[in-house]
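Novice: Let me begin by handing over the structure; questions about it come next.
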Amino acid sequence: MPATEYFSHKFKEFGTELAHAHNLYYLIPSALLGVYKSQYLTNPHELVEGWGVTMKVSDKPLWKVNASEWNNLVDISEYLDSMQTFFGIVGNVPGLKEFLRDNSTRLELGEMQPGKRYSQLLTRGDIVVDRNSGQMKLVDANVVPLGLADMLALKRQGYEGVCEGELVASQFKNWLDFNYPEWKTGAIGIVSVKGAGPNLAHQFVSRVLSEYDIKSCVVDPVALEYGAGGVKVKEAGKISVLWNYVRGLFGIVPRVKDAWIGGEIGLINPPGLRLCETQAWYALLDLPKLQGVFAGAGVDIERLKAVVPETKLVKMERGDLWLCDDWDKNGPVFKKVDKSDLLEFGPQEPHGVFIKSFDTSGSKGVEYTRMKQLEETIYDVGKGKAVVAQREIPVTAGCKLELYAMLNPVSQKSQVVALGAMQKTPADHKIHGGTDTIQSLVGKE
């Protein structure tokens, strides 16, 4: 439940403590510096040396999880576990991979390699709490997430909440031992573009891993060298496993693709992994002809549907609204509908809808609309492609929770390694990171 007595607390600037203690802030490209100064920074000292912007942090948890809410988080972890089955399902449903590929631009499905095993390491589940029912809902599952550095830094500075660096390291080692047992023959290279916003956060995570005997470094993709000895980088020598945070990696460094396919290097977050995070899956769970496929893969359909918002697959075509309501041997089955039949709202619910592209991540590819502008917004987001229409959830206290989980490769169950909370100031329909966001760890009652 929200720790309301802390909401009026004077929030410390992230920069006054964490940025200086851990060199942890978010870089701003010099071309955008003037824009950030004029539009986003509320206090001059939010801008720190190196042209970076800090985040605000509460010195006490914005939220404390009670026993009932913890059980709710366990159910959400079940969804994160089930994401691993989606790679097998997409190969068993005619037209599904093509449907997802043709209606997305950033999932990199064209780079998926036959015969290679895809497995997420770290997932961040973004969660809101319905103020009417008290139920937690998973509104975004990100398999290439940022934010773990913030959680680890807060814990190191003595802030209260759920986050264990030692657990992160041990789960990482377990995953590496299972997937790439030769990982100790070289360093773990965190692929991050030099000068990009999250680069310093990746450097912080690298330092934490190194403290737990996981040799690691941060490397710009253009600095990777490939030769007879495998993949190398001048500063660290041989790289045994790449932990990728760059879209289009194979296009930037084609030889990395060859090395991965040939088994010369391990690759965490390979292009194509994002297939399992698209919120199109929320709607696919509800299609009658696909439920047997999900059940056959061991997915508890009703349990998963209970932890995600009501979601539909829709598109605008020739001025008409079309809803996907089933699947057949040729692919998705769309029928023409009236917008009034798309979603049903209760008397206590806000009549708002989120329209999301298949490759949404955070606030990108997301538009909030009311029913009056529904068709226009669907067209603006999709441009003729299918999109996700998702019922707005009345959010408790303007807060979003962030569940960081690492997959145990043996049990195929996720282990919660950190819990964070984020509050937008002022409150907004979309809650995401930025200079107008307050963060904290989540406590336990």
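Ligands are numbered from 1 in the order shown, residues from 1 within each chain, and chains are lettered A, B, ... in the order they appear in the structure tokens.
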Apply DSSP to the backbone of this structure and, from region 393-426 of chain A, keep only the residues in strand (DSSP E); write these as a compact mmCIF listing (two decimals) with C-alpha atoms, in the first residue's frame.
Specialist:
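Saved file part-v3.txt follows:
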```txt
# COMPACT_ATOMS: atom_id res chain seq x y z
CA CYS A 399 2.45 5.43 -8.46
CA LYS A 400 4.04 2.75 -10.60
CA LEU A 401 5.90 -0.19 -9.06
CA GLU A 402 8.88 -1.80 -10.77
CA LEU A 403 9.57 -5.47 -10.16
CA TYR A 404 13.07 -6.58 -11.19
CA ALA A 405 13.30 -10.35 -11.62
CA MET A 406 16.06 -12.67 -12.79
CA LEU A 407 15.21 -16.02 -14.36
CA ASN A 408 16.53 -19.19 -12.72
CA LYS A 413 11.13 -19.47 -12.20
CA SER A 414 11.91 -15.81 -11.62
CA GLN A 415 13.62 -14.54 -8.49
CA VAL A 416 12.70 -11.02 -7.37
CA VAL A 417 15.97 -9.11 -6.88
CA ALA A 418 14.64 -5.55 -6.45
CA LEU A 419 11.42 -3.58 -6.09
CA GLY A 420 11.15 0.10 -6.95
CA ALA A 421 8.43 2.74 -6.91
CA MET A 422 8.00 5.73 -9.18
CA GLN A 423 5.68 8.71 -8.74
CA LYS A 424 5.01 11.30 -11.42
```
Novice: Which neighbours of Val337 (chain A) fall inside 10 Å, counting only C-alpha atoms, when residues of the same chain fewer than 5 positions from it are skipped, and could you give them as a VMD selection string?
Specialist: chain A and resid 314 320 to 324 342
Novice: Considering only C-alpha atoms, state which residue in the set A:Ala228, A:Leu441, A:Ile393, A:Leu109 is at the smallest distance from Leu152 (chain A).
Specialist: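 Going through A:Ala228, A:Leu441, A:Ile393, A:Leu109 one by one, the smallest distance to Leu152 (chain A) is for A:Leu441.
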Novice: DSSP on the backbone, then: every residue of region 87-213 of chain A marked helix (DSSP H, G or I), written as a VMD selection string.
Specialist: chain A and resid 87 to 92 96 to 102 109 to 111 148 to 156 165 to 179 183 to 185 199 to 211
Novice: Can those selected residues be exported to a file as a short mmCIF file (atom, residue, chain, number, x, y, z; two decimals), in the first residue's frame so that it contains C-alpha atoms?
Specialist:
```cif
data_model
loop_
_atom_site.label_atom_id
_atom_site.label_comp_id
_atom_site.auth_asym_id
_atom_site.auth_seq_id
_atom_site.Cartn_x
_atom_site.Cartn_y
_atom_site.Cartn_z
CA PHE A 87 9.25 -18.39 -28.22
CA GLY A 88 7.98 -21.95 -28.65
CA ILE A 89 4.37 -20.85 -29.14
CA VAL A 90 5.25 -18.44 -31.94
CA GLY A 91 6.67 -21.36 -33.92
CA ASN A 92 3.57 -23.51 -33.43
CA LEU A 96 1.92 -15.59 -35.66
CA LYS A 97 5.58 -14.68 -36.14
CA GLU A 98 4.74 -12.97 -39.43
CA PHE A 99 1.85 -11.07 -37.81
CA LEU A 100 4.07 -9.77 -35.01
CA ARG A 101 6.90 -8.95 -37.43
CA ASP A 102 4.70 -7.13 -39.95
CA LEU A 109 12.14 -10.40 -35.33
CA GLY A 110 13.87 -10.61 -38.69
CA GLU A 111 17.16 -11.16 -36.85
CA LEU A 148 18.59 -1.75 -11.93
CA ALA A 149 21.56 0.59 -11.37
CA ASP A 150 19.26 3.06 -9.59
CA MET A 151 17.95 0.33 -7.29
CA LEU A 152 21.43 -0.94 -6.42
CA ALA A 153 22.70 2.60 -5.77
CA LEU A 154 19.78 3.44 -3.49
CA LYS A 155 20.43 0.32 -1.43
CA ARG A 156 24.14 1.09 -1.20
CA GLY A 165 23.30 -6.80 -4.87
CA GLU A 166 24.59 -10.18 -3.72
CA LEU A 167 21.39 -11.85 -4.96
CA VAL A 168 21.72 -10.09 -8.34
CA ALA A 169 25.28 -11.41 -8.68
CA SER A 170 24.43 -14.99 -7.61
CA GLN A 171 21.44 -15.18 -9.98
CA PHE A 172 23.60 -13.79 -12.78
CA LYS A 173 26.24 -16.46 -12.14
CA ASN A 174 23.60 -19.21 -12.13
CA TRP A 175 22.24 -17.99 -15.47
CA LEU A 176 25.72 -17.80 -16.99
CA ASP A 177 26.72 -21.24 -15.67
CA PHE A 178 23.66 -22.79 -17.29
CA ASN A 179 23.71 -20.95 -20.63
CA TRP A 183 31.91 -17.35 -19.36
CA LYS A 184 34.90 -17.24 -16.97
CA THR A 185 37.33 -17.46 -19.89
CA ASN A 199 25.91 4.57 -20.36
CA LEU A 200 26.95 5.64 -16.85
CA ALA A 201 24.28 3.36 -15.34
CA HIS A 202 25.80 0.43 -17.24
CA GLN A 203 29.24 1.39 -15.94
CA PHE A 204 27.88 1.33 -12.40
CA VAL A 205 26.36 -2.14 -12.89
CA SER A 206 29.69 -3.32 -14.31
CA ARG A 207 31.51 -2.12 -11.19
CA VAL A 208 29.01 -3.92 -8.95
CA LEU A 209 29.39 -7.19 -10.88
CA SER A 210 33.18 -6.96 -10.70
CA GLU A 211 32.97 -6.71 -6.90
#
```
Novice: Find the residues near Glu225 (chain A): any atom within 9 Å, counting only C-alpha atoms, skip ones fewer than 5 places away on the same chain, and give them as an MDAnalysis selection string.
Specialist: chainID A and resid 230:234 255:256
Novice: Please produce an output containing C-alpha atoms for each residue in the selection, written as a PDB file, in the first residue's frame.
Specialist:
```
ATOM      1  CA  GLY A 230      37.172 -14.431 -30.815  1.00  0.00           C
ATOM      2  CA  VAL A 231      35.629 -11.112 -29.787  1.00  0.00           C
ATOM      3  CA  LYS A 232      37.896  -8.658 -28.002  1.00  0.00           C
ATOM      4  CA  VAL A 233      38.003  -5.071 -26.822  1.00  0.00           C
ATOM      5  CA  LYS A 234      41.291  -3.249 -26.244  1.00  0.00           C
ATOM      6  CA  ARG A 255      30.724 -10.309 -37.110  1.00  0.00           C
ATOM      7  CA  VAL A 256      29.195 -10.512 -33.625  1.00  0.00           C
TER       8      VAL A 256
END
```
Novice: Just want the 6 Å neighbourhood of region 242-249 of chain A, counted on only C-alpha atoms, with same-chain residues fewer than 3 positions away dropped. Output as a ChimeraX atom specification.
Specialist: /A:188-192,252,267-269
Novice: Please list as number ranges by chain every residue within 12 Å of Gln113 (chain A), counting only C-alpha atoms and excluding residues in the same chain fewer than 5 positions away.
Specialist: A: 87, 108, 118, 250, 257-258, 260-262, 270-273
Novice: Take the residues from that selection and write them out as a PDB file, in the first residue's frame, keeping C-alpha atoms.
Specialist:
```
ATOM      1  CA  PHE A  87       9.248 -18.394 -28.218  1.00  0.00           C
ATOM      2  CA  GLU A 108      13.966  -7.167 -34.522  1.00  0.00           C
ATOM      3  CA  TYR A 118      16.311 -17.366 -26.494  1.00  0.00           C
ATOM      4  CA  PHE A 250      23.974  -7.207 -35.818  1.00  0.00           C
ATOM      5  CA  LYS A 257      26.269 -12.307 -35.234  1.00  0.00           C
ATOM      6  CA  ASP A 258      28.677 -14.772 -36.872  1.00  0.00           C
ATOM      7  CA  TRP A 260      27.268 -15.973 -31.704  1.00  0.00           C
ATOM      8  CA  ILE A 261      25.875 -18.356 -34.317  1.00  0.00           C
ATOM      9  CA  GLY A 262      29.210 -20.182 -34.386  1.00  0.00           C
ATOM     10  CA  PRO A 270      20.109 -11.061 -28.658  1.00  0.00           C
ATOM     11  CA  PRO A 271      18.115  -9.250 -31.361  1.00  0.00           C
ATOM     12  CA  GLY A 272      14.674 -10.891 -31.442  1.00  0.00           C
ATOM     13  CA  LEU A 273      14.418 -11.448 -27.667  1.00  0.00           C
TER      14      LEU A 273
END
```
Novice: Would you mind listing what lies within 12 Å of Glu235 (chain A) as a VMD selection string, with only C-alpha atoms counted and same-chain residues fewer than 5 positions away left out?
Specialist: chain A and resid 187 189 216 to 220 223 to 225
Novice: Limited to N, CA and C atoms, could you put the picked residues into a file as a compact mmCIF listing (two decimals), in the first residue's frame?
Specialist:
```
# COMPACT_ATOMS: atom_id res chain seq x y z
N ALA A 187 35.78 -11.63 -20.21
CA ALA A 187 34.96 -10.66 -19.49
C ALA A 187 33.53 -10.64 -20.04
N GLY A 189 30.93 -8.29 -21.48
CA GLY A 189 30.94 -6.96 -22.08
C GLY A 189 29.53 -6.41 -22.18
N SER A 216 33.84 -7.73 -15.74
CA SER A 216 32.96 -7.11 -16.72
C SER A 216 33.48 -5.74 -17.12
N CYS A 217 32.98 -5.26 -18.24
CA CYS A 217 33.34 -3.93 -18.73
C CYS A 217 32.18 -3.42 -19.57
N VAL A 218 32.17 -2.12 -19.84
CA VAL A 218 31.18 -1.52 -20.73
C VAL A 218 31.88 -1.20 -22.03
N VAL A 219 31.28 -1.60 -23.16
CA VAL A 219 31.94 -1.44 -24.44
C VAL A 219 30.97 -0.87 -25.47
N ASP A 220 31.43 0.14 -26.19
CA ASP A 220 30.66 0.65 -27.32
C ASP A 220 30.72 -0.38 -28.44
N ALA A 223 33.59 -0.53 -30.85
CA ALA A 223 34.92 -0.86 -30.33
C ALA A 223 35.18 -2.37 -30.29
N LEU A 224 34.17 -3.16 -30.61
CA LEU A 224 34.35 -4.62 -30.59
C LEU A 224 35.22 -5.05 -31.76
N GLU A 225 36.17 -5.91 -31.46
CA GLU A 225 37.07 -6.44 -32.49
C GLU A 225 36.87 -7.95 -32.59
```
